[in-house]
>>> print(open('protein26.cif').read())   # mmCIF, C-alpha atoms
data_entry
#
loop_
_atom_site.label_atom_id
_atom_site.label_comp_id
_atom_site.auth_asym_id
_atom_site.auth_seq_id
_atom_site.Cartn_x
_atom_site.Cartn_y
_atom_site.Cartn_z
CA MET K 1 1.74 21.64 15.20
CA VAL K 2 0.04 19.78 18.03
CA THR K 3 -3.43 20.78 19.25
CA GLY K 4 -4.47 19.89 22.76
CA ALA K 5 -0.73 19.92 23.45
CA SER K 6 -0.84 20.69 27.16
CA SER K 7 -2.09 17.32 28.41
CA GLY K 8 -2.74 13.66 27.60
CA ILE K 9 -2.00 12.32 24.15
CA GLY K 10 -1.17 15.79 22.84
CA LEU K 11 1.45 16.25 25.55
CA ALA K 12 2.92 12.83 24.76
CA PHE K 13 3.08 13.72 21.05
CA SER K 14 4.85 16.98 21.94
CA HIS K 15 7.53 15.20 23.97
CA ALA K 16 7.99 12.42 21.40
CA LEU K 17 8.39 14.81 18.46
CA ALA K 18 10.71 17.12 20.38
CA ALA K 19 12.86 14.08 21.21
CA ARG K 20 13.08 13.46 17.46
CA GLY K 21 14.40 16.99 17.01
CA ALA K 22 11.22 18.56 15.67
CA ASN K 23 10.46 22.24 16.22
CA LEU K 24 6.93 22.62 17.57
CA ILE K 25 3.87 24.84 17.50
CA LEU K 26 1.86 24.05 20.61
CA VAL K 27 -1.86 24.86 20.67
CA ALA K 28 -4.24 24.64 23.65
CA ARG K 29 -6.43 26.90 25.75
CA SER K 30 -4.05 27.46 28.68
CA ARG K 31 -1.40 30.05 27.81
CA ASP K 32 0.53 29.45 31.04
CA LYS K 33 0.72 25.68 30.58
CA LEU K 34 1.75 26.05 26.94
CA THR K 35 4.46 28.59 27.69
CA SER K 36 5.88 26.40 30.46
CA LEU K 37 5.80 23.34 28.19
CA ALA K 38 7.48 25.21 25.35
CA ARG K 39 10.34 26.33 27.61
CA GLU K 40 10.74 22.82 29.01
CA LEU K 41 10.94 21.21 25.57
CA GLU K 42 13.38 23.83 24.29
CA HIS K 43 15.65 23.30 27.28
CA ARG K 44 15.48 19.50 27.24
CA HIS K 45 15.77 18.87 23.50
CA ALA K 46 17.42 22.01 22.07
CA ILE K 47 14.49 22.68 19.72
CA ARG K 48 12.28 25.70 19.15
CA ALA K 49 8.73 25.61 20.52
CA HIS K 50 6.05 28.25 19.99
CA ALA K 51 2.99 28.52 22.25
CA LEU K 52 -0.26 29.63 20.58
CA ALA K 53 -3.12 29.77 23.07
CA ALA K 54 -6.53 29.29 21.45
CA ASP K 55 -9.95 27.86 22.23
CA LEU K 56 -10.68 25.83 19.11
CA THR K 57 -14.35 25.43 20.01
CA GLU K 58 -14.83 29.07 19.02
CA ALA K 59 -15.78 30.00 15.47
CA GLY K 60 -12.80 31.36 13.58
CA ALA K 61 -10.25 30.14 16.14
CA ALA K 62 -8.65 27.64 13.75
CA SER K 63 -8.28 30.29 11.05
CA ASP K 64 -6.76 32.61 13.64
CA VAL K 65 -4.21 29.95 14.64
CA HIS K 66 -3.21 29.57 10.98
CA ALA K 67 -2.90 33.34 10.58
CA ARG K 68 -0.79 33.68 13.73
CA ALA K 69 1.49 30.83 12.69
CA SER K 70 1.89 32.34 9.22
CA ALA K 71 2.72 35.74 10.72
CA LEU K 72 5.58 34.05 12.58
CA GLY K 73 6.77 32.45 9.33
CA LEU K 74 5.77 28.99 10.53
CA ALA K 75 4.44 26.35 8.12
CA PRO K 76 4.27 22.99 9.91
CA ASN K 77 4.94 19.89 7.83
CA ILE K 78 3.22 17.73 10.47
CA LEU K 79 -0.21 18.64 11.84
CA ILE K 80 -1.57 16.66 14.78
CA ASN K 81 -5.27 17.30 15.39
CA ASN K 82 -5.56 15.94 18.90
CA ALA K 83 -7.79 18.42 20.77
CA GLY K 84 -11.19 17.00 21.62
CA PHE K 85 -13.55 16.06 24.42
CA ALA K 86 -16.56 13.86 25.13
CA THR K 87 -19.91 14.13 26.85
CA HIS K 88 -21.68 11.25 28.57
CA GLY K 89 -25.31 10.79 29.47
CA HIS K 90 -28.77 10.82 27.92
CA PHE K 91 -28.72 12.95 24.77
CA ASP K 92 -31.84 14.94 25.73
CA ALA K 93 -30.46 15.73 29.20
CA LEU K 94 -27.05 17.02 28.11
CA PRO K 95 -26.80 20.77 27.40
CA LEU K 96 -27.12 21.39 23.68
CA ALA K 97 -24.47 24.12 23.75
CA ARG K 98 -21.94 21.69 25.24
CA GLN K 99 -22.70 19.09 22.57
CA LEU K 100 -22.38 21.66 19.79
CA ASP K 101 -18.98 22.69 21.21
CA GLU K 102 -18.06 19.00 21.10
CA ILE K 103 -18.90 18.85 17.40
CA SER K 104 -17.05 22.10 16.77
CA LEU K 105 -13.83 20.96 18.43
CA ASN K 106 -13.85 17.31 17.40
CA CYS K 107 -14.87 17.92 13.77
CA ARG K 108 -14.86 21.52 12.57
CA ALA K 109 -11.45 22.40 14.02
CA VAL K 110 -9.97 19.27 12.42
CA VAL K 111 -11.38 20.22 9.03
CA GLU K 112 -10.41 23.89 9.26
CA LEU K 113 -6.83 23.26 10.39
CA SER K 114 -6.32 20.51 7.80
CA HIS K 115 -7.68 22.76 5.06
CA ALA K 116 -5.47 25.66 6.20
CA PHE K 117 -2.16 23.81 6.44
CA LEU K 118 -2.50 21.17 3.70
CA PRO K 119 -1.75 23.50 0.72
CA ALA K 120 1.77 24.28 1.97
CA MET K 121 2.45 20.57 2.44
CA LEU K 122 1.31 19.87 -1.11
CA GLU K 123 3.49 22.68 -2.43
CA GLN K 124 6.49 21.17 -0.65
CA GLY K 125 5.58 17.68 -1.84
CA GLU K 126 5.68 16.25 1.67
CA GLY K 127 3.89 16.44 4.98
CA ALA K 128 1.67 14.56 7.38
CA ILE K 129 -1.64 14.98 9.18
CA ILE K 130 -2.42 12.84 12.21
CA ASN K 131 -6.03 13.01 13.39
CA VAL K 132 -6.77 11.50 16.77
CA ALA K 133 -10.06 9.61 16.50
CA SER K 134 -10.98 6.81 18.91
CA THR K 135 -12.25 3.24 19.09
CA ALA K 136 -15.52 5.16 19.54
CA ALA K 137 -15.36 5.65 15.76
CA LEU K 138 -15.86 1.94 15.15
CA GLN K 139 -19.51 1.67 16.30
CA PRO K 140 -22.29 3.97 17.56
CA LEU K 141 -22.17 4.81 21.27
CA PRO K 142 -25.44 5.03 23.19
CA TYR K 143 -25.05 7.63 25.98
CA MET K 144 -22.06 9.10 24.12
CA ALA K 145 -23.89 9.61 20.84
CA ILE K 146 -22.21 12.86 19.82
CA TYR K 147 -18.71 11.71 20.73
CA GLY K 148 -19.04 8.47 18.77
CA ALA K 149 -20.45 10.31 15.76
CA THR K 150 -17.69 12.93 15.77
CA LYS K 151 -14.97 10.30 15.94
CA ALA K 152 -16.60 8.30 13.14
CA PHE K 153 -16.42 11.51 11.10
CA VAL K 154 -12.72 11.95 11.92
CA LEU K 155 -11.93 8.38 10.86
CA SER K 156 -13.87 8.62 7.59
CA PHE K 157 -12.47 12.07 6.79
CA SER K 158 -8.90 10.97 7.49
CA GLU K 159 -9.03 7.83 5.38
CA ALA K 160 -10.54 9.78 2.48
CA LEU K 161 -7.67 12.29 2.65
CA TRP K 162 -5.16 9.45 2.93
CA GLN K 163 -6.33 8.15 -0.45
CA GLU K 164 -6.54 11.63 -2.03
CA TYR K 165 -3.07 12.82 -1.11
CA ARG K 166 -0.72 9.87 -0.55
CA ALA K 167 0.46 9.99 -4.17
CA ARG K 168 1.31 13.68 -3.66
CA GLY K 169 3.61 13.12 -0.71
CA VAL K 170 1.24 13.89 2.17
CA ARG K 171 0.56 11.11 4.63
CA VAL K 172 -2.70 11.10 6.61
CA LEU K 173 -3.29 8.87 9.61
CA ALA K 174 -6.31 8.35 11.85
CA VAL K 175 -5.41 7.12 15.33
CA CYS K 176 -8.12 5.16 17.13
CA PRO K 177 -7.02 4.65 20.73
CA GLY K 178 -9.16 2.95 23.31
CA ALA K 179 -9.19 3.98 26.97
CA THR K 180 -6.02 5.96 27.63
CA ASP K 181 -4.51 7.13 30.91
CA THR K 182 -5.25 10.85 30.54
CA ALA K 183 -7.52 13.49 32.06
CA PHE K 184 -10.17 12.57 29.45
CA PHE K 185 -12.36 10.82 32.02
CA ASP K 186 -12.11 13.73 34.44
CA VAL K 187 -13.61 15.97 31.75
CA VAL K 188 -16.31 13.43 30.89
CA GLY K 189 -17.14 12.98 34.56
CA ALA K 190 -17.98 9.27 34.26
CA GLU K 191 -15.66 6.32 34.78
CA GLU K 192 -18.05 4.05 32.85
CA ALA K 193 -17.19 6.04 29.71
CA GLY K 194 -13.98 4.01 29.48
CA VAL K 195 -13.95 0.34 28.48
CA GLY K 196 -10.98 -1.89 29.24
CA ALA K 197 -7.54 -1.24 30.72
CA ARG K 198 -6.10 2.21 30.12
CA MET K 199 -3.07 2.43 27.85
CA ALA K 200 -0.28 4.90 28.55
CA ALA K 201 -0.45 7.97 26.31
CA GLU K 202 3.22 7.48 25.43
CA THR K 203 2.45 3.98 24.13
CA VAL K 204 -0.38 5.31 21.95
CA VAL K 205 1.95 7.94 20.50
CA ASN K 206 4.80 5.52 19.79
CA ILE K 207 2.44 3.13 17.99
CA SER K 208 0.96 6.05 16.04
CA LEU K 209 4.31 7.37 14.86
CA ARG K 210 5.36 3.90 13.71
CA ALA K 211 2.08 3.58 11.79
CA LEU K 212 2.71 6.97 10.16
CA ASP K 213 6.20 5.88 9.16
CA ARG K 214 4.68 2.80 7.51
CA GLY K 215 2.16 4.89 5.58
CA GLN K 216 -0.95 3.38 7.20
CA SER K 217 -4.32 5.08 6.83
CA HIS K 218 -5.37 4.26 10.38
CA VAL K 219 -4.17 2.46 13.48
CA VAL K 220 -5.95 0.98 16.50
CA PRO K 221 -3.35 0.76 19.30
CA GLY K 222 -3.53 -2.39 21.40
CA GLY K 223 -4.47 -5.97 20.57
CA ALA K 224 -7.61 -5.96 22.72
CA ASN K 225 -8.81 -2.75 21.07
CA ARG K 226 -8.24 -4.22 17.61
CA MET K 227 -10.27 -7.29 18.56
CA LEU K 228 -13.13 -5.10 19.79
CA GLY K 229 -12.93 -3.23 16.52
CA TRP K 230 -13.67 -6.42 14.62
CA LEU K 231 -16.86 -7.21 16.55
CA PRO K 232 -19.12 -4.83 14.55
CA ARG K 233 -18.07 -6.72 11.41
CA MET K 234 -19.08 -10.06 12.85
CA LEU K 235 -22.21 -9.33 14.90
CA PRO K 236 -25.54 -7.70 13.93
CA ARG K 237 -25.49 -3.95 14.51
CA GLN K 238 -28.41 -4.10 16.95
CA THR K 239 -26.51 -6.67 19.02
CA ILE K 240 -23.47 -4.40 19.12
CA LEU K 241 -25.66 -1.48 20.18
CA GLN K 242 -27.08 -3.51 23.06
CA ILE K 243 -23.60 -4.57 24.21
CA VAL K 244 -22.23 -1.03 24.07
CA SER K 245 -25.34 0.35 25.74
CA ASN K 246 -24.88 -2.02 28.67
CA MET K 247 -21.24 -0.91 29.01
CA LEU K 248 -21.86 2.83 28.85
CA ARG K 249 -25.23 3.17 30.61
CA PRO K 250 -24.95 5.91 33.27
CA ARG K 251 -24.57 4.40 36.70
CA GLN K 252 -26.35 7.18 38.52
CA ARG K 253 -30.05 7.72 37.89
CA LEU K 254 -30.74 11.13 36.37
CA ALA K 255 -32.49 13.52 38.73
CA ASP K 256 -36.13 14.26 37.99
#
>>> encode(input="protein26.cif", output="structure tokens")
Amino acid sequence: MVTGASSGIGLAFSHALAARGANLILVARSRDKLTSLARELEHRHAIRAHALAADLTEAGAASDVHARASALGLAPNILINNAGFATHGHFDALPLARQLDEISLNCRAVVELSHAFLPAMLEQGEGAIINVASTAALQPLPYMAIYGATKAFVLSFSEALWQEYRARGVRVLAVCPGATDTAFFDVVGAEEAGVGARMAAETVVNISLRALDRGQSHVVPGGANRMLGWLPRMLPRQTILQIVSNMLRPRQRLAD
């Protein structure tokens, strides 16, 4: 199962897994895009692909996805929690409802789907959960406070599950990509929300799948991203906050 399957990293995961011969459950908001993608993957790779349209920001949506998959007799042995979005700007100026949706999708949906599908994996004695976090998880982000906090949650949650369940046959991996060439920045609406050169989504996915095969708890794709990830360990936290603040500060002055 891949959430956020219709674009970006989720789309790249869908193509990569289909190429490996995996049958897929595709989850995203757009029914038309999902149905088209499912037919394309079935035709190209001779696999089965099911499209389950859902808005995972909504309460109960994750449970509904699990119920619909179960009704079809589907029990995925790989769950990829990829769906997510970011907001950018001064915390007090951003709509609270939008930020709460951000928390719901980036955190609650990850927890609910993991909790729903993990028991079957444990019963089978094998399975995998890949949670897409971000380099945003590695330090607080002024002007993207909610996004950074949600991704820090995803990283911590994933590594805890990695330790809990690796002896029982279930692998858990947190992926922490940096700027990636997706529609992410179109949704955010601010180019300054991305730091550094953008990596291809396909490259992020290939690195992630190799890390999963090696049994890693987390992976930060890209040498430059890994180096940036080390900075919070070497510099005072307030220094890091100032550096990140300078990078992410909104370029346009907020209207009065």
>>> atom_distance(input="protein26.cif", atom1="CA of Val27 (chain K)", atom2="CA of Pro95 (chain K)")
26.2 Å
>>> closest_residue(input="protein26.cif", among="K:Arg98, K:Arg31, K:Arg20, K:Arg44", to="Glu58 (chain K)", atoms="all atoms listed in the file")
K:Arg98
>>> axis_aligned_box(input="protein26.cif", around="region 208-217 of chain K", padding_each_side="8 Å", output="lines of an AutoDock Vina configuration file")
center_x = 0.9
center_y = 5.1
center_z = 10.8
size_x = 26.5
size_y = 20.6
size_z = 26.5
>>> resolve_selection(input="protein26.cif", expression="the PyMOL selection byres ((chain K and resi 160-174) around 12)", output="VMD selection string")
chain K and resid 77 to 82 110 to 111 114 to 115 117 to 135 137 to 138 151 to 159 175 to 177 205 207 to 221
>>> closest_residue(input="protein26.cif", among="K:Ala67, K:Leu17, K:Ala54, K:Ala28", to="Leu41 (chain K)", atoms="all atoms listed in the file")
K:Leu17
>>> residues_around(input="protein26.cif", residues="region 71-74 of chain K", least_positions_apart="4", cutoff="12 Å", atoms="all atoms listed in the file", output="mmCIF file with C-alpha atoms, keeping the file's coordinate frame")
data_model
loop_
_atom_site.group_PDB
_atom_site.id
_atom_site.type_symbol
_atom_site.label_atom_id
_atom_site.label_comp_id
_atom_site.auth_asym_id
_atom_site.auth_seq_id
_atom_site.Cartn_x
_atom_site.Cartn_y
_atom_site.Cartn_z
ATOM 1 C CA MET K 1 1.740 21.640 15.200
ATOM 2 C CA ASN K 23 10.460 22.240 16.220
ATOM 3 C CA LEU K 24 6.930 22.620 17.570
ATOM 4 C CA ILE K 25 3.870 24.840 17.500
ATOM 5 C CA LEU K 26 1.860 24.050 20.610
ATOM 6 C CA ARG K 48 12.280 25.700 19.150
ATOM 7 C CA ALA K 49 8.730 25.610 20.520
ATOM 8 C CA HIS K 50 6.050 28.250 19.990
ATOM 9 C CA ALA K 51 2.990 28.520 22.250
ATOM 10 C CA LEU K 52 -0.260 29.630 20.580
ATOM 11 C CA ASP K 64 -6.760 32.610 13.640
ATOM 12 C CA VAL K 65 -4.210 29.950 14.640
ATOM 13 C CA HIS K 66 -3.210 29.570 10.980
ATOM 14 C CA ALA K 67 -2.900 33.340 10.580
ATOM 15 C CA ILE K 78 3.220 17.730 10.470
ATOM 16 C CA PHE K 117 -2.160 23.810 6.440
ATOM 17 C CA ALA K 120 1.770 24.280 1.970
#
>>> closest_residue(input="protein26.cif", among="K:Gly148, K:Pro236, K:Gly84, K:Gly178", to="Gly4 (chain K)", atoms="all atoms listed in the file")
K:Gly84
>>> atom_distance(input="protein26.cif", atom1="CA of Ile146 (chain K)", atom2="CA of Arg237 (chain K)")
17.9 Å
>>> resolve_selection(input="protein26.cif", expression="the PyMOL selection byres ((chain K and resi 201) around 10)", output="list in words")
Ser7, Gly8, Ile9, Gly10, Leu11, Ala12, Phe13, Pro177, Ala179, Thr180, Asp181, Thr182, Arg198, Met199, Ala200, Glu202, Thr203, Val204, Val205 and Asn206 of chain K
>>> resolve_selection(input="protein26.cif", expression="the PyMOL selection byres ((chain K and resi 140) around 9)", output="JSON, numbers by chain")
{"K": [136, 137, 138, 139, 141, 142, 144, 145, 148, 149, 152, 240, 241, 244]}
>>> atom_distance(input="protein26.cif", atom1="CA of Ala109 (chain K)", atom2="CA of Thr87 (chain K)")
17.5 Å
>>> closest_residue(input="protein26.cif", among="K:Ala5, K:Ala62, K:Leu105, K:Ile243", to="Ser36 (chain K)", atoms="all atoms listed in the file")
K:Ala5
>>> closest_residue(input="protein26.cif", among="K:Gln238, K:Arg233, K:Cys107, K:Tyr147", to="His88 (chain K)", atoms="all atoms listed in the file")
K:Tyr147
>>> closest_residue(input="protein26.cif", among="K:Ala61, K:Ala46, K:Leu248, K:Leu228", to="Ala22 (chain K)", atoms="all atoms listed in the file")
K:Ala46
>>> build_atoms(input="protein26.cif", residues="region 84-97 of chain K", atoms="N, CA and C atoms", output="mmCIF file, in the frame of the given file")
data_model
loop_
_atom_site.group_PDB
_atom_site.id
_atom_site.type_symbol
_atom_site.label_atom_id
_atom_site.label_comp_id
_atom_site.auth_asym_id
_atom_site.auth_seq_id
_atom_site.Cartn_x
_atom_site.Cartn_y
_atom_site.Cartn_z
ATOM 1 N N GLY K 84 -9.829 17.535 21.686
ATOM 2 C CA GLY K 84 -11.190 17.000 21.620
ATOM 3 C C GLY K 84 -11.692 16.688 23.023
ATOM 4 N N PHE K 85 -12.985 16.479 23.142
ATOM 5 C CA PHE K 85 -13.550 16.060 24.420
ATOM 6 C C PHE K 85 -14.838 15.293 24.167
ATOM 7 N N ALA K 86 -15.347 14.674 25.231
ATOM 8 C CA ALA K 86 -16.560 13.860 25.130
ATOM 9 C C ALA K 86 -17.586 14.296 26.159
ATOM 10 N N THR K 87 -18.829 14.000 25.874
ATOM 11 C CA THR K 87 -19.910 14.130 26.850
ATOM 12 C C THR K 87 -20.525 12.751 27.063
ATOM 13 N N HIS K 88 -21.114 12.558 28.228
ATOM 14 C CA HIS K 88 -21.680 11.250 28.570
ATOM 15 C C HIS K 88 -23.002 11.447 29.288
ATOM 16 N N GLY K 89 -23.996 10.712 28.849
ATOM 17 C CA GLY K 89 -25.310 10.790 29.470
ATOM 18 C C GLY K 89 -26.406 10.698 28.423
ATOM 19 N N HIS K 90 -27.641 10.855 28.840
ATOM 20 C CA HIS K 90 -28.770 10.820 27.920
ATOM 21 C C HIS K 90 -28.735 12.069 27.028
ATOM 22 N N PHE K 91 -28.839 11.871 25.747
ATOM 23 C CA PHE K 91 -28.720 12.950 24.770
ATOM 24 C C PHE K 91 -29.627 14.132 25.108
ATOM 25 N N ASP K 92 -30.882 13.859 25.477
ATOM 26 C CA ASP K 92 -31.840 14.940 25.730
ATOM 27 C C ASP K 92 -31.524 15.711 26.999
ATOM 28 N N ALA K 93 -30.760 15.095 27.921
ATOM 29 C CA ALA K 93 -30.460 15.730 29.200
ATOM 30 C C ALA K 93 -29.168 16.538 29.181
ATOM 31 N N LEU K 94 -28.322 16.296 28.201
ATOM 32 C CA LEU K 94 -27.050 17.020 28.110
ATOM 33 C C LEU K 94 -27.278 18.392 27.487
ATOM 34 N N PRO K 95 -26.611 19.435 27.971
ATOM 35 C CA PRO K 95 -26.800 20.770 27.400
ATOM 36 C C PRO K 95 -26.454 20.790 25.916
ATOM 37 N N LEU K 96 -27.351 21.346 25.119
ATOM 38 C CA LEU K 96 -27.120 21.390 23.680
ATOM 39 C C LEU K 96 -25.869 22.184 23.353
ATOM 40 N N ALA K 97 -25.638 23.291 24.039
ATOM 41 C CA ALA K 97 -24.470 24.120 23.750
ATOM 42 C C ALA K 97 -23.179 23.324 23.935
#
